[in-house]
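Have a look at the structure below, then the notes.
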Amino acid sequence: MSENFARRPTWVEINLNRLADNFHSIKEFVGSGIEYMAVVKADAYGHGAVPCAQALEKAGIDWFGVALPEEGLELRKNGIKSRILCLGGFWEGQENFIIENNLTPVIFQTEKARMFDRASKKAGLTSRIHVKIDTGMGRIGVRWDQLGDFLRELKKLPHLEVEGIMTHFASADDLDENEFTQGQIDKFYRAVEIFEDYGFFPKYKDLANSPGAVAHENSRSNLVRLGGILYGLGGDVLPRGIVKPKLEPVMTLHSKIAFLKEVPEGETVGYGRTHKTERRSIIATVPIGYQDGFVRSLSNCGRVLVNNQFAPIVGRISMDWTILDVTDIPRVKVNDEVVLIGQQNGLSILAEDLARQIGTISYEITCGINRRVIRNYVESE
Ligand SMILES: *Cc1c(COP(=O)(O)O)cnc(C)c1O
């Protein structure tokens, strides 16, 4: 949205310097000599795939990972030149634009392999593909112990080159599951041997997501696929109590007080009358609601920052409005900034904090900030 008119003062700030800093900090921690994939699916976990990919490409990332081929297409249309892996495979009919835009599909079904081979033949070329192995996630991927049929079919498809083999961890963030994670790693390398028995020697062998790369050194192999930690969301997807790279949150969420009023003791505010004032109170209304992704389950339990202090959310969060008790905030006035995710005066509210309060993970919070909330990108030269 580039139109220049006055808007509701509710915005997300995306700090692209921090994104690049996180990448460099992770690279220093994990090591050089391997390749790095930035996973920018789901609009870069709500941070904006195109600007994030542009910043990361400048910072020297090797690969991008997307869930859908159409997400890869968006990156290409915006000038991204690095390799792009479509982690979720593709749907029938997408073969041609995948080939034309130099996207690389993950494949785990013989029918899809045949489709992609046919399309590649028609285009007069051999296409690189990555094969996904299921070693314990139980989701997409050829089961590691049922590779034979798949590989026999793959042998018959001369227009495909198996460039990569990958798997995905189910519990790399949970150190109590270390044995399971190690089992996934073992099964993966067993699968690599089976590939080799069939004459496939893929260049890339990748397993690690964010917690894999940080907490399971032996899963780094020659490519790591990083999502959450690039965005600074380490608090709930990395195991507690381990040595980790320094990370800074990339996204902050802001609004401004739209309306202030004094309310006597004993009155209720908001839908369902779930909050009753226990004293004469100053009540602020802020223009953000659950439609924006400021989830309703934070009603009566979340808090925000106003004038360098915490202020509690009172009453139900509605579609477009959130109500605060700002009685204890000195000199509060209309248009004062409200920080819903971010820092003020050394106090902070992380996406991880909101997630914990409502029983989810930080990814769901940042992904959920609706496109009605404008994104402001900060990047120093
Ligand atoms: C989403 C995803 C990742 C990134 O996971 P993070 O926990 O955000 O690092 C890596 N690999 C695959 C296959 C994914 O789908």
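In the structure tokens, chains take the letters A, B, ... in the order shown, each chain's residues start at 1, and ligands count up from 1 in the order shown.
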
Would you kindly return, as a PyMOL selection string, each protein, DNA or RNA residue with an atom no farther than 8 Å from any atom of Phe64 in chain A, considering only C-alpha atoms and excluding same-chain residues fewer than 6 positions away?
chain A and resi 37-40+53+82-85

List all protein, DNA and RNA residues that have any atom at most 7 Å from ligand 1, counting only C-alpha atoms and all ligand atoms, and write the list as a VMD selection string.
chain A and resid 39 67 87 168 208 to 211 225 to 229 237

DSSP-assigned helix (DSSP H, G or I) among range 180-331 of chain A, expressed as a count of residues only
40

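For the set A:Trp63, A:Trp144, A:Phe169, A:Phe200, the residue with the smallest atom-to-atom gap to Lys187 in chain A is A:Trp144, counting only C-alpha atoms.
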
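Separating CA of Thr135 in chain A from CA of Lys112 in chain A is a distance of 20.3 Å.
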
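From CA of Ser219 in chain A back to CA of Leu207 in chain A, the distance works out to 6.0 Å.
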
DSSP-assigned strand (DSSP E or B) among range 20-120 of chain A, expressed as a ChimeraX atom specification
/A:35-39,63-66,83-86,103-107

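The shortest atom-to-atom distance to His24 in chain A, with only C-alpha atoms taken into account, belongs to A:Leu230 out of A:Leu151, A:Val224, A:Leu230, A:Val66.
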
Neighbour list for Ile129 in chain A as a ChimeraX atom specification, cut-off 12 Å, only C-alpha atoms, skip fewer than 4 positions in-chain:
/A:83-87,89-90,95,98-99,102-108,112-114,116-117,120,154,157,159-166,200,202-204

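If you measure from each of A:Thr366, A:Glu262, A:Ile374, A:Lys81 to Val326 in chain A using only C-alpha atoms, the closest one turns out to be A:Glu262.
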
Which residue out of A:Asp206, A:Glu352, A:Glu217, A:Glu248 has the minimum interatomic distance to Lys132 in chain A when only C-alpha atoms are used?
A:Asp206

Got a sec: who's within 10 Å of Gly272 in chain A, counting only C-alpha atoms, leaving out chain neighbours fewer than 3 positions off, as a count of residues only?
5

Give me, as a VMD selection string, all polymer residues having an atom no more than 9 Å from Ala123 in chain A, counting only C-alpha atoms and skipping those fewer than 2 positions away in the same chain.
chain A and resid 96 99 to 100 118 to 121 125 to 126

Preceding selection exported with N, CA, C and O atoms as a JSON list (two decimals), in the first residue's frame:
```json
[["chain", "number", "residue", "atom", "x", "y", "z"],
["A", 96, "ASN", "N", 4.46, -25.53, -14.78],
["A", 96, "ASN", "CA", 5.08, -24.63, -15.75],
["A", 96, "ASN", "C", 5.62, -23.36, -15.12],
["A", 96, "ASN", "O", 6.73, -22.93, -15.41],
["A", 99, "ILE", "N", 8.83, -24.03, -13.31],
["A", 99, "ILE", "CA", 9.99, -24.14, -14.21],
["A", 99, "ILE", "C", 10.38, -22.78, -14.76],
["A", 99, "ILE", "O", 11.55, -22.38, -14.72],
["A", 100, "GLU", "N", 9.38, -22.04, -15.22],
["A", 100, "GLU", "CA", 9.68, -20.74, -15.84],
["A", 100, "GLU", "C", 10.33, -19.76, -14.86],
["A", 100, "GLU", "O", 11.08, -18.87, -15.25],
["A", 118, "ARG", "N", 7.46, -34.72, -16.86],
["A", 118, "ARG", "CA", 6.80, -34.42, -18.15],
["A", 118, "ARG", "C", 6.93, -32.95, -18.50],
["A", 118, "ARG", "O", 7.30, -32.59, -19.61],
["A", 119, "ALA", "N", 6.66, -32.08, -17.52],
["A", 119, "ALA", "CA", 6.72, -30.64, -17.78],
["A", 119, "ALA", "C", 8.15, -30.22, -18.11],
["A", 119, "ALA", "O", 8.37, -29.36, -18.98],
["A", 120, "SER", "N", 9.13, -30.85, -17.46],
["A", 120, "SER", "CA", 10.53, -30.50, -17.71],
["A", 120, "SER", "C", 10.94, -30.94, -19.12],
["A", 120, "SER", "O", 11.63, -30.22, -19.84],
["A", 121, "LYS", "N", 10.50, -32.12, -19.47],
["A", 121, "LYS", "CA", 10.79, -32.62, -20.81],
["A", 121, "LYS", "C", 10.24, -31.67, -21.87],
["A", 121, "LYS", "O", 10.92, -31.30, -22.83],
["A", 125, "LEU", "N", 14.34, -29.34, -20.68],
["A", 125, "LEU", "CA", 15.43, -29.28, -19.70],
["A", 125, "LEU", "C", 15.30, -30.33, -18.61],
["A", 125, "LEU", "O", 14.30, -31.03, -18.51],
["A", 126, "THR", "N", 16.35, -30.42, -17.83],
["A", 126, "THR", "CA", 16.36, -31.28, -16.66],
["A", 126, "THR", "C", 16.17, -30.37, -15.45],
["A", 126, "THR", "O", 16.85, -29.37, -15.33]]
```

Under the rule that only C-alpha atoms are counted, which of A:Ser362, A:Thr327, A:Gln343, A:Gln109 is the nearest residue to Asp236 in chain A?
A:Ser362

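Taking CA of Arg152 in chain A and CA of Arg190 in chain A as the two end points, the separation is 17.0 Å.
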